[in-house]
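Next comes final-v4.json, with JSON, C-alpha atoms.
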[["chain", "number", "residue", "atom", "x", "y", "z"],
["G", 5, "GLN", "CA", -51.69, -29.29, 11.35],
["G", 6, "TYR", "CA", -51.92, -32.51, 9.41],
["G", 7, "TYR", "CA", -53.63, -35.74, 10.38],
["G", 8, "SER", "CA", -53.12, -39.32, 9.27],
["G", 9, "GLU", "CA", -56.62, -39.56, 7.74],
["G", 10, "PRO", "CA", -56.79, -38.47, 4.10],
["G", 11, "GLY", "CA", -58.29, -35.04, 3.75],
["G", 12, "ALA", "CA", -58.23, -34.40, 7.50],
["G", 13, "ALA", "CA", -56.22, -31.16, 7.51],
["G", 14, "ARG", "CA", -56.71, -27.82, 9.20],
["G", 15, "VAL", "CA", -55.67, -24.63, 7.45],
["G", 16, "LEU", "CA", -54.52, -21.80, 9.69],
["G", 17, "LYS", "CA", -55.60, -18.24, 9.06],
["G", 18, "GLU", "CA", -53.18, -15.85, 7.44],
["G", 19, "VAL", "CA", -51.02, -13.89, 9.86],
["G", 20, "ILE", "CA", -49.74, -10.43, 8.88],
["G", 21, "ILE", "CA", -46.77, -9.00, 10.80],
["G", 22, "THR", "CA", -46.80, -5.22, 10.86],
["G", 23, "ALA", "CA", -43.74, -4.63, 13.03],
["G", 24, "PRO", "CA", -40.66, -3.25, 11.22],
["G", 25, "LYS", "CA", -37.82, -5.57, 10.39],
["G", 26, "LEU", "CA", -34.97, -5.47, 12.88],
["G", 27, "GLU", "CA", -31.85, -4.48, 11.00],
["G", 28, "GLU", "CA", -28.65, -6.09, 12.13],
["G", 29, "LYS", "CA", -26.33, -3.43, 13.49],
["G", 30, "ARG", "CA", -22.88, -3.70, 12.03],
["G", 31, "GLU", "CA", -19.98, -2.00, 13.68],
["G", 32, "PHE", "CA", -17.95, 0.42, 11.57],
["G", 33, "SER", "CA", -14.40, -0.54, 10.69],
["G", 34, "ARG", "CA", -11.57, 1.67, 9.52],
["G", 35, "TYR", "CA", -11.66, -0.44, 6.36],
["G", 36, "GLY", "CA", -15.40, -0.08, 5.75],
["G", 37, "THR", "CA", -18.41, -2.23, 6.62],
["G", 38, "PRO", "CA", -17.45, -5.92, 7.09],
["G", 39, "ASP", "CA", -19.50, -8.82, 5.81],
["G", 40, "TYR", "CA", -19.54, -10.41, 9.26],
["G", 41, "SER", "CA", -18.74, -8.89, 12.63],
["G", 42, "ILE", "CA", -18.32, -10.89, 15.83],
["G", 43, "SER", "CA", -18.55, -8.85, 19.05],
["G", 44, "THR", "CA", -16.97, -9.63, 22.38],
["G", 45, "ASP", "CA", -20.37, -10.64, 23.81],
["G", 46, "VAL", "CA", -20.74, -13.38, 21.19],
["G", 47, "LEU", "CA", -17.24, -14.68, 21.90],
["G", 48, "GLU", "CA", -17.86, -14.76, 25.65],
["G", 49, "ASN", "CA", -21.08, -16.72, 25.16],
["G", 50, "ALA", "CA", -19.34, -19.21, 22.88],
["G", 51, "ASN", "CA", -17.70, -20.86, 25.92],
["G", 52, "SER", "CA", -14.71, -21.83, 23.82],
["G", 53, "MET", "CA", -11.08, -21.08, 24.47],
["G", 54, "ASN", "CA", -10.28, -21.88, 20.84],
["G", 55, "LEU", "CA", -10.78, -18.58, 19.05],
["G", 56, "MET", "CA", -10.47, -20.07, 15.58],
["G", 57, "TYR", "CA", -13.36, -22.48, 16.10],
["G", 58, "ALA", "CA", -15.46, -19.68, 17.61],
["G", 59, "ILE", "CA", -14.94, -17.65, 14.43],
["G", 60, "GLN", "CA", -15.65, -20.61, 12.16],
["G", 61, "GLY", "CA", -19.03, -21.24, 13.76],
["G", 62, "ARG", "CA", -20.24, -17.71, 13.02],
["G", 63, "VAL", "CA", -18.86, -16.99, 9.54],
["G", 64, "PRO", "CA", -20.57, -18.90, 6.71],
["G", 65, "GLY", "CA", -18.11, -20.32, 4.22],
["G", 66, "LEU", "CA", -15.10, -20.22, 6.54],
["G", 67, "ARG", "CA", -13.40, -23.62, 6.52],
["G", 68, "LEU", "CA", -10.36, -25.26, 8.04],
["G", 69, "ILE", "CA", -8.78, -27.79, 5.70],
["G", 70, "LEU", "CA", -6.00, -30.26, 6.53],
["G", 71, "ILE", "CA", -3.34, -30.79, 3.86],
["G", 72, "ASN", "CA", -0.18, -32.79, 4.51],
["G", 73, "GLY", "CA", -0.52, -32.37, 8.27],
["G", 74, "SER", "CA", -1.07, -28.59, 8.11],
["G", 75, "TYR", "CA", -4.29, -26.66, 8.58],
["G", 76, "TYR", "CA", -5.27, -23.81, 6.28],
["G", 77, "VAL", "CA", -8.07, -21.24, 6.44],
["G", 78, "LEU", "CA", -10.35, -20.65, 3.46],
["G", 79, "LEU", "CA", -13.15, -18.11, 3.16],
["G", 80, "GLY", "CA", -15.39, -20.01, 0.77],
["G", 81, "GLY", "CA", -14.47, -20.80, -2.82],
["G", 82, "ALA", "CA", -13.08, -24.01, -4.21],
["G", 83, "SER", "CA", -10.59, -25.91, -2.10],
["G", 84, "SER", "CA", -7.00, -26.32, -3.19],
["G", 85, "PHE", "CA", -4.67, -29.23, -2.67],
["G", 86, "GLY", "CA", -0.97, -29.13, -2.04],
["G", 87, "SER", "CA", 1.04, -26.00, -1.42],
["G", 88, "GLY", "CA", -1.44, -23.93, -3.45],
["G", 89, "ALA", "CA", -3.65, -23.60, -0.36],
["G", 90, "VAL", "CA", -1.11, -21.22, 1.19],
["G", 91, "GLY", "CA", -1.84, -18.64, -1.49],
["G", 92, "MET", "CA", -5.59, -18.97, -0.91],
["G", 93, "GLU", "CA", -5.58, -18.07, 2.77],
["G", 94, "PRO", "CA", -7.16, -14.76, 3.80],
["G", 95, "LEU", "CA", -5.13, -11.86, 5.13],
["G", 96, "LEU", "CA", -4.97, -11.64, 8.92],
["G", 97, "VAL", "CA", -4.91, -8.14, 10.45],
["G", 98, "ILE", "CA", -4.49, -7.70, 14.22],
["G", 99, "ASP", "CA", -4.96, -4.14, 15.51],
["G", 100, "GLY", "CA", -4.12, -2.79, 12.07],
["G", 101, "LEU", "CA", -0.96, -4.88, 11.55],
["G", 102, "PRO", "CA", -1.07, -7.50, 8.75],
["G", 103, "TYR", "CA", 0.31, -11.01, 9.23],
["G", 104, "ASN", "CA", 1.22, -13.38, 6.42],
["G", 105, "GLY", "CA", -0.11, -16.90, 6.59],
["G", 106, "GLY", "CA", 2.10, -19.94, 6.27],
["G", 107, "GLY", "CA", -0.18, -22.84, 7.16],
["G", 108, "GLY", "CA", 0.00, -25.28, 10.01],
["G", 109, "MET", "CA", -1.43, -25.37, 13.52],
["G", 110, "GLY", "CA", 2.02, -25.24, 15.03],
["G", 111, "GLY", "CA", 3.72, -23.27, 12.30],
["G", 112, "ASP", "CA", 3.66, -19.67, 11.21],
["G", 113, "GLY", "CA", 0.17, -19.76, 9.68],
["G", 114, "ILE", "CA", -2.67, -17.46, 10.59],
["G", 115, "ILE", "CA", -4.26, -20.24, 12.66],
["G", 116, "ALA", "CA", -1.20, -20.30, 14.91],
["G", 117, "MET", "CA", -1.38, -16.51, 15.27],
["G", 118, "ILE", "CA", -5.09, -16.57, 16.15],
["G", 119, "ASP", "CA", -4.65, -19.41, 18.65],
["G", 120, "GLN", "CA", -2.18, -17.25, 20.59],
["G", 121, "LEU", "CA", -4.88, -14.66, 21.30],
["G", 122, "ASN", "CA", -6.99, -14.77, 24.45],
["G", 123, "PRO", "CA", -10.72, -14.72, 23.52],
["G", 124, "THR", "CA", -11.49, -12.63, 26.63],
["G", 125, "ASN", "CA", -9.15, -9.90, 25.33],
["G", 126, "ILE", "CA", -10.89, -9.59, 21.93],
["G", 127, "LEU", "CA", -12.94, -6.46, 21.30],
["G", 128, "ARG", "CA", -14.31, -7.44, 17.89],
["G", 129, "ILE", "CA", -13.57, -9.59, 14.85],
["G", 130, "ASP", "CA", -14.47, -8.37, 11.36],
["G", 131, "VAL", "CA", -14.50, -10.65, 8.34],
["G", 132, "PHE", "CA", -14.31, -9.24, 4.80],
["G", 133, "LYS", "CA", -14.98, -11.63, 1.93],
["G", 134, "TYR", "CA", -13.59, -10.98, -1.55],
["G", 135, "GLY", "CA", -15.08, -7.76, -3.00],
["G", 136, "SER", "CA", -15.60, -6.07, 0.36],
["G", 137, "SER", "CA", -11.86, -6.36, 1.08],
["G", 138, "ALA", "CA", -10.88, -3.98, -1.73],
["G", 139, "ALA", "CA", -9.44, -1.54, 0.82],
["G", 140, "PHE", "CA", -6.64, -4.03, 1.47],
["G", 141, "GLY", "CA", -5.55, -4.18, -2.18],
["G", 142, "ALA", "CA", -4.16, -7.35, -3.75],
["G", 143, "ARG", "CA", -3.30, -8.83, -0.34],
["G", 144, "GLY", "CA", -7.00, -9.01, 0.49],
["G", 145, "ALA", "CA", -7.96, -10.91, -2.66],
["G", 146, "ASN", "CA", -8.79, -14.04, -0.62],
["G", 147, "GLY", "CA", -10.63, -12.12, 2.09],
["G", 148, "VAL", "CA", -9.54, -10.53, 5.36],
["G", 149, "ILE", "CA", -9.91, -11.45, 9.03],
["G", 150, "ALA", "CA", -9.44, -8.28, 11.11],
["G", 151, "ILE", "CA", -9.12, -8.76, 14.88],
["G", 152, "TYR", "CA", -9.22, -5.88, 17.35],
["G", 153, "THR", "CA", -8.03, -6.42, 20.92],
["G", 154, "LYS", "CA", -9.16, -4.46, 23.96],
["G", 155, "ASN", "CA", -5.66, -3.08, 24.51],
["G", 156, "GLY", "CA", -5.00, -2.34, 20.85],
["G", 157, "VAL", "CA", -5.33, 0.78, 18.75],
["G", 158, "PRO", "CA", -8.73, 2.46, 19.19],
["G", 159, "LEU", "CA", -10.99, 2.50, 16.15],
["G", 160, "LYS", "CA", -11.79, 5.66, 14.26],
["G", 161, "GLU", "CA", -15.31, 7.04, 14.24],
["G", 162, "GLU", "CA", -17.48, 6.49, 11.20],
["G", 163, "VAL", "CA", -17.33, 9.23, 8.59],
["G", 164, "SER", "CA", -20.85, 10.07, 7.42],
["G", 165, "GLY", "CA", -19.71, 11.99, 4.34],
["G", 166, "TYR", "CA", -17.44, 14.65, 2.94],
["G", 167, "ASP", "CA", -18.01, 18.38, 3.13],
["G", 168, "LYS", "CA", -16.87, 19.57, -0.29],
["G", 169, "SER", "CA", -16.82, 23.18, 0.89],
["G", 170, "LEU", "CA", -13.78, 22.35, 3.02],
["G", 171, "PHE", "CA", -11.77, 21.11, 0.04],
["G", 172, "GLN", "CA", -8.97, 23.35, -1.19],
["G", 173, "LEU", "CA", -7.66, 23.58, -4.72],
["G", 174, "VAL", "CA", -3.99, 22.63, -4.89],
["G", 175, "THR", "CA", -1.93, 23.44, -7.96],
["G", 176, "ILE", "CA", 1.01, 21.11, -8.58],
["G", 177, "GLY", "CA", 3.89, 22.95, -10.14],
["G", 178, "GLY", "CA", 5.39, 19.89, -11.78],
["G", 179, "TYR", "CA", 9.06, 19.81, -12.72],
["G", 180, "THR", "CA", 11.19, 22.80, -11.79],
["G", 181, "THR", "CA", 12.74, 24.67, -14.71],
["G", 182, "PRO", "CA", 16.52, 24.51, -14.26],
["G", 183, "ARG", "CA", 18.34, 27.81, -13.92],
["G", 184, "LYS", "CA", 20.71, 28.81, -16.67],
["G", 185, "PHE", "CA", 24.33, 28.13, -15.86],
["G", 186, "ARG", "CA", 26.32, 31.36, -15.90],
["G", 187, "SER", "CA", 30.06, 31.21, -16.43],
["G", 188, "THR", "CA", 32.45, 34.13, -16.12],
["G", 189, "ASP", "CA", 33.01, 36.06, -19.35],
["G", 190, "TYR", "CA", 36.49, 37.56, -19.20],
["G", 191, "SER", "CA", 36.18, 39.11, -22.67],
["G", 192, "THR", "CA", 34.11, 42.03, -21.35],
["G", 193, "THR", "CA", 34.71, 41.96, -17.58],
["G", 194, "VAL", "CA", 37.25, 44.31, -16.04],
["G", 195, "ASP", "CA", 39.72, 42.61, -13.73],
["G", 196, "SER", "CA", 38.43, 43.19, -10.22],
["G", 197, "GLY", "CA", 41.47, 41.69, -8.53],
["G", 198, "GLU", "CA", 39.43, 38.83, -7.03],
["G", 199, "HIS", "CA", 40.56, 35.25, -7.48],
["G", 200, "ASP", "CA", 38.49, 32.82, -9.56],
["G", 201, "TYR", "CA", 38.32, 29.45, -7.82],
["G", 202, "ARG", "CA", 35.31, 27.92, -9.61],
["G", 203, "SER", "CA", 34.93, 24.15, -9.30],
["G", 204, "THR", "CA", 32.50, 23.84, -12.24],
["G", 205, "ILE", "CA", 33.85, 25.70, -15.24],
["G", 206, "TYR", "CA", 31.27, 24.97, -17.93],
["G", 207, "TRP", "CA", 27.91, 23.20, -18.12],
["G", 208, "ASN", "CA", 25.53, 22.99, -21.06],
["G", 209, "PRO", "CA", 22.53, 20.63, -21.13],
["G", 210, "ASN", "CA", 21.87, 21.10, -24.84],
["G", 211, "VAL", "CA", 24.79, 20.51, -27.20],
["G", 212, "ASN", "CA", 24.05, 19.31, -30.75],
["G", 213, "THR", "CA", 26.70, 17.93, -33.06],
["G", 214, "SER", "CA", 26.92, 18.90, -36.71],
["G", 215, "ALA", "CA", 25.07, 16.66, -39.16],
["G", 216, "GLN", "CA", 28.01, 16.86, -41.61],
["G", 217, "THR", "CA", 31.03, 16.49, -39.35],
["G", 218, "GLY", "CA", 29.49, 14.99, -36.20],
["G", 219, "GLU", "CA", 31.39, 17.54, -34.11],
["G", 220, "ALA", "CA", 30.35, 20.28, -31.69],
["G", 221, "ILE", "CA", 32.45, 23.25, -30.52],
["G", 222, "VAL", "CA", 32.14, 24.77, -27.04],
["G", 223, "SER", "CA", 34.32, 27.45, -25.45],
["G", 224, "PHE", "CA", 34.85, 28.54, -21.86],
["G", 225, "TYR", "CA", 37.23, 30.49, -19.63],
["G", 226, "ALA", "CA", 39.37, 28.63, -17.13],
["G", 227, "ALA", "CA", 39.76, 29.62, -13.49],
["G", 228, "ASP", "CA", 42.91, 31.07, -11.93],
["G", 229, "LEU", "CA", 44.45, 27.84, -10.66],
["G", 230, "GLU", "CA", 46.83, 25.68, -12.63],
["G", 231, "THR", "CA", 45.10, 22.35, -12.47],
["G", 232, "LYS", "CA", 43.69, 19.48, -14.45],
["G", 233, "TYR", "CA", 40.09, 19.67, -15.70],
["G", 234, "ARG", "CA", 37.85, 16.65, -16.16],
["G", 235, "ILE", "CA", 35.50, 16.93, -19.14],
["G", 236, "VAL", "CA", 32.45, 14.64, -19.20],
["G", 237, "VAL", "CA", 30.17, 14.29, -22.21],
["G", 238, "GLU", "CA", 26.90, 12.36, -21.91],
["G", 239, "GLY", "CA", 23.90, 12.14, -24.20],
["G", 240, "VAL", "CA", 22.06, 10.05, -26.77],
["G", 241, "THR", "CA", 22.47, 9.54, -30.49],
["G", 242, "SER", "CA", 19.78, 10.12, -33.10],
["G", 243, "LEU", "CA", 19.01, 6.39, -32.81],
["G", 244, "GLY", "CA", 18.48, 6.67, -29.06],
["G", 245, "GLU", "CA", 21.74, 4.99, -28.05],
["G", 246, "PRO", "CA", 23.37, 6.40, -24.90],
["G", 247, "ILE", "CA", 26.93, 7.75, -25.07],
["G", 248, "HIS", "CA", 29.46, 8.63, -22.38],
["G", 249, "ALA", "CA", 32.98, 9.98, -22.71],
["G", 250, "GLU", "CA", 35.58, 11.51, -20.38],
["G", 251, "TYR", "CA", 38.68, 13.54, -21.16],
["G", 252, "PHE", "CA", 41.27, 15.42, -19.09],
["G", 253, "ILE", "CA", 42.99, 18.66, -19.98],
["G", 254, "LYS", "CA", 45.73, 20.45, -18.03],
["G", 255, "ILE", "CA", 45.66, 24.22, -17.50],
["G", 256, "VAL", "CA", 49.03, 25.98, -17.28],
["G", 257, "LYS", "CA", 49.95, 29.66, -17.22]]
Rendering of file as C-alpha cells:
Amino acid sequence: QYYSEPGAARVLKEVIITAPKLEEKREFSRYGTPDYSISTDVLENANSMNLMYAIQGRVPGLRLILINGSYYVLLGGASSFGSGAVGMEPLLVIDGLPYNGGGGMGGDGIIAMIDQLNPTNILRIDVFKYGSSAAFGARGANGVIAIYTKNGVPLKEEVSGYDKSLFQLVTIGGYTTPRKFRSTDYSTTVDSGEHDYRSTIYWNPNVNTSAQTGEAIVSFYAADLETKYRIVVEGVTSLGEPIHAEYFIKIVK
C-alpha cells in the first residue's frame, strides 16, 4: 500500500502458495487436442444468440474484418485487403463435415453458416490455430473451427497409445507377373476333331526389331474360321517415341 507522503510505504510479507496449479482440462477431439475449446456451459452463460460473437470473445486472435461490405474470419496473423481475405479464412467443420468459406454475413461464408446454428444445440467448439491443424492438411493452413452439435456424430474416445504387440506384418506382393500367353501349336498336336474358335490368336509383349533391317518376324497358327484378323502393334522406339500401327489380314481356306 502506498501513501502520498514520500517514503510512507508499507511492504507486505512474502506469500508462498503451496497448492498445485489447476490444469485446464481440454476435451479430446478426433483431430487431436485443440488450442481452444468452448463447452456448452460457456456458451449458455454467454447470454448471446449470436454464436460467432460468443466464439470471438473466447478465442484470442480471432477477428471479424469488414471488406467491401462482407465480413471475414481471421485466426490471427496479418490482415488482408480485397478478395485475398477469402483465402485466409479458417476451415469450418460441423460434425465432421467441412464447409468452404466465401465471405459475407448474408452470403455463403463461414459466418453465415455459423449464424444458422442454435447456440443451445452446440455440444462443443474446438479451435485449431495453424500448426495444431495439421490433421486437416492444406485446407487447415489458416486454422480450423470445429463445431459439434448435440444431435451430431458422437465423438470417439481418446486413444492413450498403441499396443505394438497387436500389429501384424503385411507383405505387399506388388505387381502381378503376367502369365505367358499360350497359342495352339498345330505342328506337333494331333487333330482332336475339336473346333478352334480362338478370339485372340497371338500376343507377345516383347518383340524386338532387327538393328540392321528394323524388322521383326512373328509366326502363329490361325483358327478354324474364315475371317479377317486385326493386327495391332504398339511400342516405343530406341529414342522413347511411342508407335502404333494396325493392319488387317484375311484368312481363307
Considering all atoms listed in the file, return as a compact mmCIF listing (two decimals) with C-alpha atoms, keeping the file's coordinate frame whatever protein or nucleic-acid residues lie within 10 Å of Ala249 (chain G), sequence-local ones (same chain, fewer than 5 positions apart) excluded.
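Saved as around-v3.txt:
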# COMPACT_ATOMS: atom_id res chain seq x y z
CA ILE G 235 35.50 16.93 -19.14
CA VAL G 236 32.45 14.64 -19.20
CA VAL G 237 30.17 14.29 -22.21
CA GLU G 238 26.90 12.36 -21.91
CA GLY G 239 23.90 12.14 -24.20
* To do: Would you list the residues near (-19.9, -11.9, 18.6) (no more than 12 Å away, in the coordinates of the file, using all atoms listed in the file) as number ranges by chain?
  => G: 29-31, 40-51, 55, 58-63, 123-124, 126-131, 151
* **One-decimal distance in Å that lies between CA of Ser223 (chain G) and CA of Phe252 (chain G)** => 15.3 Å
* Please identify all polymer residues within 7 Å of region 202-207 of chain G, counting all atoms listed in the file, omitting same-chain residues fewer than 2 positions from it, and present them as number ranges by chain. => G: 185, 187, 200, 209, 224, 226-227
Considering only C-alpha atoms, return as a PDB file with C-alpha atoms, in the frame of the given file whatever protein or nucleic-acid residues lie within 8 Å of Ile98 (chain G), sequence-local ones (same chain, fewer than 2 positions apart) excluded.
ATOM      1  CA  LEU G  96      -4.970 -11.640   8.920  1.00  0.00           C
ATOM      2  CA  GLY G 100      -4.120  -2.790  12.070  1.00  0.00           C
ATOM      3  CA  LEU G 101      -0.960  -4.880  11.550  1.00  0.00           C
ATOM      4  CA  PRO G 102      -1.070  -7.500   8.750  1.00  0.00           C
ATOM      5  CA  TYR G 103       0.310 -11.010   9.230  1.00  0.00           C
ATOM      6  CA  ALA G 150      -9.440  -8.280  11.110  1.00  0.00           C
ATOM      7  CA  ILE G 151      -9.120  -8.760  14.880  1.00  0.00           C
ATOM      8  CA  TYR G 152      -9.220  -5.880  17.350  1.00  0.00           C
ATOM      9  CA  THR G 153      -8.030  -6.420  20.920  1.00  0.00           C
TER      10      THR G 153
END
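Relative to CA of Asn54 (chain G), CA of Ala145 (chain G) is found at 26.0 Å.
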* For region 240-244 of chain G, please output as a list in words all residues within 10 Å (counting all atoms listed in the file; exclusion window: fewer than 4 positions along the same chain). => Asn212, Thr213 and His248 of chain G
* To do: Rounded to one decimal place, report the CA of Val97 (chain G)-CA of Ile114 (chain G) distance in Å.
  => 9.6 Å
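Every protein, DNA or RNA residue with an atom at most 10 Å from Lys257 (chain G), where all atoms listed in the file count and chain neighbours fewer than 4 positions away do not, is listed here: Asp228, Leu229, Glu230 and Thr231 of chain G.
For the choices G:Leu170, G:Tyr233, G:Lys184, G:Asn146, the atom-to-atom distance to Glu250 (chain G) is smallest for G:Tyr233 when using all atoms listed in the file.
The smallest atom-to-atom distance between Ala116 (chain G) and any of G:Met56, G:Ile176, G:Ile253, G:Ile149, using only C-alpha atoms, is found for G:Met56.
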